[in-house]
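Everything on this sheet refers to the single structure shown next.
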Amino acid sequence: STWLATQTAGCEITPWYFGIDSGIDSDHPDLNVIEIMGFIAADPADNGEDGNGHGTHTAGTAAAIDGNGGAVGVAPGAPVYGFKVCGDSGSCAIDDIIAGVDEVTARKLANPGQPMVANMSLGGGANEASDTAVRRSVNAGVVYSLSAGNGSLGACIFPANSQSSSPARVGDDLINAFDGSDGDTARINGAITVTSSNQLDTDVNCNFGAPVTVAAPGEGIFSTWLDGGYNTISGTSMAAPHVAGAAILYLHRNSAATPTEVEQAIVNELDPWSTNDTPNADGRLDAELL
């Protein structure tokens, strides 16, 4: 509340950020947290507080407050809503993920004029039910940033195929009015699948597959953590909220833009690769003009 009181009228960032993740450290001084909710069916008493750190970290990358001496988000001070769908161990049940996504959709339907961006730095095997929930939310008007998945064992020995991962594969759907997929024919659809890059323009998590559209910083990312703290970690989980923040910036100035228009605006500003080792993305995120 102290930070909000210092903002110049009309300049505060107003689009809502939804972190569908492990929850949020609700009293972190670097986050403008509006609400947290828990969706863990196995623990109905859970109030949405982050016991893992992952959700707090991704929220900070997208929306940490500028001027507090800690991390600074891409869209500093954006209102943060933390929807806890993953337990403190980091595991996430499909039904819990769907419940969180459906609540985001319900919020949009109840507030159709309010711009909203959801970040999902999570994933697993292909699952049509969770994909359908995300498509339904995009149809309602919510922009989604989706992590493409993480390869393992270094040197891309086991790269991640985003075409086989949910919800990442939704980024390559022609989403129809009935919340289904008409086939892999429309990469610009408001569900933005994100791979991670480092300072050498290398894809550090070895993603491939047609859904991948944008590369964003994902190695050695400093952001908010549990108990009002900070941490530096890596992965496509860290890359996706950079794009979520960029989407918030665009919606701040173009509040009536559709999810597809937001993604197209981000793609239009992508920076080209500066090396021959080109990851599977159209280009690198550039939020400066958004």
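In the structure tokens, each chain is lettered A, B, ... as it comes, each chain's residues begin at 1, and ligands are numbered from 1 in order of appearance.
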
Quiz prompt | All residues 9 Å or closer to A:Asp50, only C-alpha atoms, same chain fewer than 3 positions away omitted, as a PyMOL selection string | solution = chain A and resi 21-26+53-56+82+84+87-88+226

Quiz item: Which polymer residues have any atom within 8 Å of an atom of A:Ile65, counting only C-alpha atoms, with same-chain residues fewer than 2 positions away left out, as a list in words?
Solution: Asp30, Leu31, Asn32, Ala63, Gly67, Asn68, Ala71, Val72, Gly73, Pro76, Gly77 and Ala78 of chain A

With N, CA and C atoms retained, export the selected residues as a JSON list (two decimals), in the first residue's frame.
```json
[["chain", "number", "residue", "atom", "x", "y", "z"],
["A", 30, "ASP", "N", 8.55, -6.77, -2.81],
["A", 30, "ASP", "CA", 8.83, -6.41, -4.20],
["A", 30, "ASP", "C", 7.70, -6.81, -5.15],
["A", 31, "LEU", "N", 6.58, -7.27, -4.62],
["A", 31, "LEU", "CA", 5.47, -7.70, -5.46],
["A", 31, "LEU", "C", 4.18, -7.00, -5.05],
["A", 32, "ASN", "N", 3.44, -6.53, -6.02],
["A", 32, "ASN", "CA", 2.14, -5.89, -5.80],
["A", 32, "ASN", "C", 1.06, -6.98, -5.84],
["A", 63, "ALA", "N", 6.76, -8.94, -12.94],
["A", 63, "ALA", "CA", 6.08, -7.77, -12.37],
["A", 63, "ALA", "C", 6.71, -7.20, -11.11],
["A", 67, "GLY", "N", 12.36, 0.20, -7.89],
["A", 67, "GLY", "CA", 12.64, 1.19, -6.87],
["A", 67, "GLY", "C", 12.70, 0.66, -5.45],
["A", 68, "ASN", "N", 12.49, -0.64, -5.28],
["A", 68, "ASN", "CA", 12.53, -1.22, -3.93],
["A", 68, "ASN", "C", 13.90, -1.79, -3.58],
["A", 71, "ALA", "N", 14.68, -7.00, -7.13],
["A", 71, "ALA", "CA", 14.49, -7.31, -8.54],
["A", 71, "ALA", "C", 13.59, -6.26, -9.19],
["A", 72, "VAL", "N", 13.63, -6.19, -10.52],
["A", 72, "VAL", "CA", 12.74, -5.32, -11.29],
["A", 72, "VAL", "C", 12.10, -6.14, -12.39],
["A", 73, "GLY", "N", 10.78, -6.18, -12.44],
["A", 73, "GLY", "CA", 10.08, -6.96, -13.45],
["A", 73, "GLY", "C", 10.03, -6.25, -14.79],
["A", 76, "PRO", "N", 6.96, -3.48, -14.28],
["A", 76, "PRO", "CA", 7.13, -3.25, -12.83],
["A", 76, "PRO", "C", 5.83, -2.86, -12.12],
["A", 77, "GLY", "N", 5.52, -3.59, -11.06],
["A", 77, "GLY", "CA", 4.39, -3.23, -10.23],
["A", 77, "GLY", "C", 3.04, -3.66, -10.73],
["A", 78, "ALA", "N", 2.98, -4.44, -11.79],
["A", 78, "ALA", "CA", 1.68, -4.91, -12.28],
["A", 78, "ALA", "C", 0.97, -5.69, -11.18]]
```

Exercise. Skip A:Ile34 itself and residues of its chain fewer than 2 positions away, then list as an MDAnalysis selection string all residues within 7 Å of it, counting only C-alpha atoms.
Key: chainID A and resid 32 79:81

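Once stretch 233-240 of chain A and its same-chain neighbours fewer than 5 positions away are set aside, His57, Thr58, Thr61, Asn119, Met120, Ser121, Leu122, Ser145, Leu146, Ser147, Ala148, Gly149, Asn150, Thr193, Val194, Thr195, Ser196, Ser197, Val204, Asn205, Ala215, Ala216, Pro217, Gly218, Glu219, Gly220, Ile221 and Phe222 of chain A remain within 8 Å of it when counting only C-alpha atoms.
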
Quiz item: For A:Val214, which of A:Pro241, A:Gly229, A:Gly283, A:Pro272 is the closest residue, counting only C-alpha atoms?
Solution: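 Counting only C-alpha atoms, the residue closest to A:Val214 is A:Gly283.
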
Quiz item: Could you pull out all residues of stretch 73-238 of chain A with a DSSP call of alpha helix (DSSP H) and give them as a ChimeraX atom specification?
Solution: /A:94-110,128-140,236-238

Practice problem: Report as a ChimeraX atom specification: the residues of stretch 14-196 of chain A with a DSSP assignment of strand (DSSP E or B), based on the backbone of this structure. | Solution: /A:16-21,24,33-38,49,80-84,86,92,116-120,124-125,143-147,152,158,160-161,165-166,175,181,191-196

Quiz item: Looking at A:Ala99, A:Arg136, A:Asp27, A:Gly209, which one is nearest to A:Glu49, with distances taken over only C-alpha atoms?
Solution: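 Using only C-alpha atoms, A:Glu49 sits closest to A:Asp27.
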
Quiz item: So which residues touch A:Cys86 within 8 Å, counting only C-alpha atoms, skipping near sequence neighbours fewer than 3 positions away, as an MDAnalysis selection string?
Solution: chainID A and resid 21:23 40 89:93 96:97

Give me, as a PDB file with N, CA, C and O atoms, in the first residue's frame, all polymer residues having an atom no more than 9 Å from A:Val74, counting only C-alpha atoms and skipping those fewer than 3 positions away in the same chain.
```
ATOM      1  N   GLY A  60       8.044 -12.350 -10.002  1.00  0.00           N
ATOM      2  CA  GLY A  60       8.979 -11.231  -9.929  1.00  0.00           C
ATOM      3  C   GLY A  60       9.562 -10.867 -11.273  1.00  0.00           C
ATOM      4  O   GLY A  60       9.744  -9.688 -11.586  1.00  0.00           O
ATOM      5  N   THR A  61       9.859 -11.874 -12.089  1.00  0.00           N
ATOM      6  CA  THR A  61      10.388 -11.598 -13.421  1.00  0.00           C
ATOM      7  C   THR A  61       9.391 -10.796 -14.245  1.00  0.00           C
ATOM      8  O   THR A  61       9.767  -9.872 -14.972  1.00  0.00           O
ATOM      9  N   ALA A  62       8.125 -11.123 -14.127  1.00  0.00           N
ATOM     10  CA  ALA A  62       7.108 -10.403 -14.890  1.00  0.00           C
ATOM     11  C   ALA A  62       6.794  -9.040 -14.302  1.00  0.00           C
ATOM     12  O   ALA A  62       6.601  -8.068 -15.043  1.00  0.00           O
ATOM     13  N   ALA A  63       6.757  -8.940 -12.940  1.00  0.00           N
ATOM     14  CA  ALA A  63       6.083  -7.772 -12.368  1.00  0.00           C
ATOM     15  C   ALA A  63       6.713  -7.205 -11.108  1.00  0.00           C
ATOM     16  O   ALA A  63       6.068  -6.406 -10.414  1.00  0.00           O
ATOM     17  N   ALA A  64       7.949  -7.547 -10.766  1.00  0.00           N
ATOM     18  CA  ALA A  64       8.545  -6.989  -9.550  1.00  0.00           C
ATOM     19  C   ALA A  64       8.593  -5.469  -9.615  1.00  0.00           C
ATOM     20  O   ALA A  64       8.849  -4.872 -10.662  1.00  0.00           O
ATOM     21  N   PRO A 241       7.943 -15.858 -18.095  1.00  0.00           N
ATOM     22  CA  PRO A 241       7.407 -14.629 -17.501  1.00  0.00           C
ATOM     23  C   PRO A 241       7.992 -13.343 -18.067  1.00  0.00           C
ATOM     24  O   PRO A 241       7.382 -12.277 -17.911  1.00  0.00           O
ATOM     25  N   HIS A 242       9.161 -13.419 -18.719  1.00  0.00           N
ATOM     26  CA  HIS A 242       9.634 -12.235 -19.439  1.00  0.00           C
ATOM     27  C   HIS A 242       8.620 -11.858 -20.531  1.00  0.00           C
ATOM     28  O   HIS A 242       8.309 -10.684 -20.740  1.00  0.00           O
ATOM     29  N   VAL A 243       8.110 -12.863 -21.226  1.00  0.00           N
ATOM     30  CA  VAL A 243       7.133 -12.616 -22.289  1.00  0.00           C
ATOM     31  C   VAL A 243       5.797 -12.190 -21.691  1.00  0.00           C
ATOM     32  O   VAL A 243       5.102 -11.321 -22.245  1.00  0.00           O
ATOM     33  N   ALA A 244       5.427 -12.765 -20.551  1.00  0.00           N
ATOM     34  CA  ALA A 244       4.195 -12.331 -19.880  1.00  0.00           C
ATOM     35  C   ALA A 244       4.289 -10.850 -19.526  1.00  0.00           C
ATOM     36  O   ALA A 244       3.332 -10.085 -19.713  1.00  0.00           O
ATOM     37  N   GLY A 245       5.438 -10.428 -19.019  1.00  0.00           N
ATOM     38  CA  GLY A 245       5.626  -9.003 -18.712  1.00  0.00           C
ATOM     39  C   GLY A 245       5.540  -8.135 -19.949  1.00  0.00           C
ATOM     40  O   GLY A 245       4.957  -7.044 -19.921  1.00  0.00           O
ATOM     41  N   ALA A 246       6.112  -8.619 -21.059  1.00  0.00           N
ATOM     42  CA  ALA A 246       6.037  -7.864 -22.314  1.00  0.00           C
ATOM     43  C   ALA A 246       4.591  -7.722 -22.771  1.00  0.00           C
ATOM     44  O   ALA A 246       4.176  -6.660 -23.257  1.00  0.00           O
ATOM     45  N   ILE A 248       1.987  -7.644 -20.841  1.00  0.00           N
ATOM     46  CA  ILE A 248       1.363  -6.660 -19.948  1.00  0.00           C
ATOM     47  C   ILE A 248       1.695  -5.243 -20.405  1.00  0.00           C
ATOM     48  O   ILE A 248       0.823  -4.361 -20.428  1.00  0.00           O
ATOM     49  N   LEU A 249       2.954  -5.015 -20.780  1.00  0.00           N
ATOM     50  CA  LEU A 249       3.338  -3.681 -21.264  1.00  0.00           C
ATOM     51  C   LEU A 249       2.509  -3.280 -22.482  1.00  0.00           C
ATOM     52  O   LEU A 249       2.050  -2.131 -22.585  1.00  0.00           O
ATOM     53  N   ALA A 287      11.246  -5.979 -25.601  1.00  0.00           N
ATOM     54  CA  ALA A 287      10.058  -5.321 -25.052  1.00  0.00           C
ATOM     55  C   ALA A 287      10.143  -3.803 -25.074  1.00  0.00           C
ATOM     56  O   ALA A 287       9.218  -3.126 -24.630  1.00  0.00           O
TER      57      ALA A 287
END
```

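Minimum atom-to-atom distance to A:Gln114, evaluated using only C-alpha atoms, belongs to A:Asn254 out of A:Asn254, A:Asn127, A:Thr224, A:Ser164.
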
Quiz prompt | Residue nearest A:Asp282 - candidates A:Ser255, A:Gln264, A:Thr132, A:Thr213, atoms counted: only C-alpha atoms | solution =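 Between A:Ser255, A:Gln264, A:Thr132, A:Thr213, the residue approaching A:Asp282 most closely is A:Thr213.
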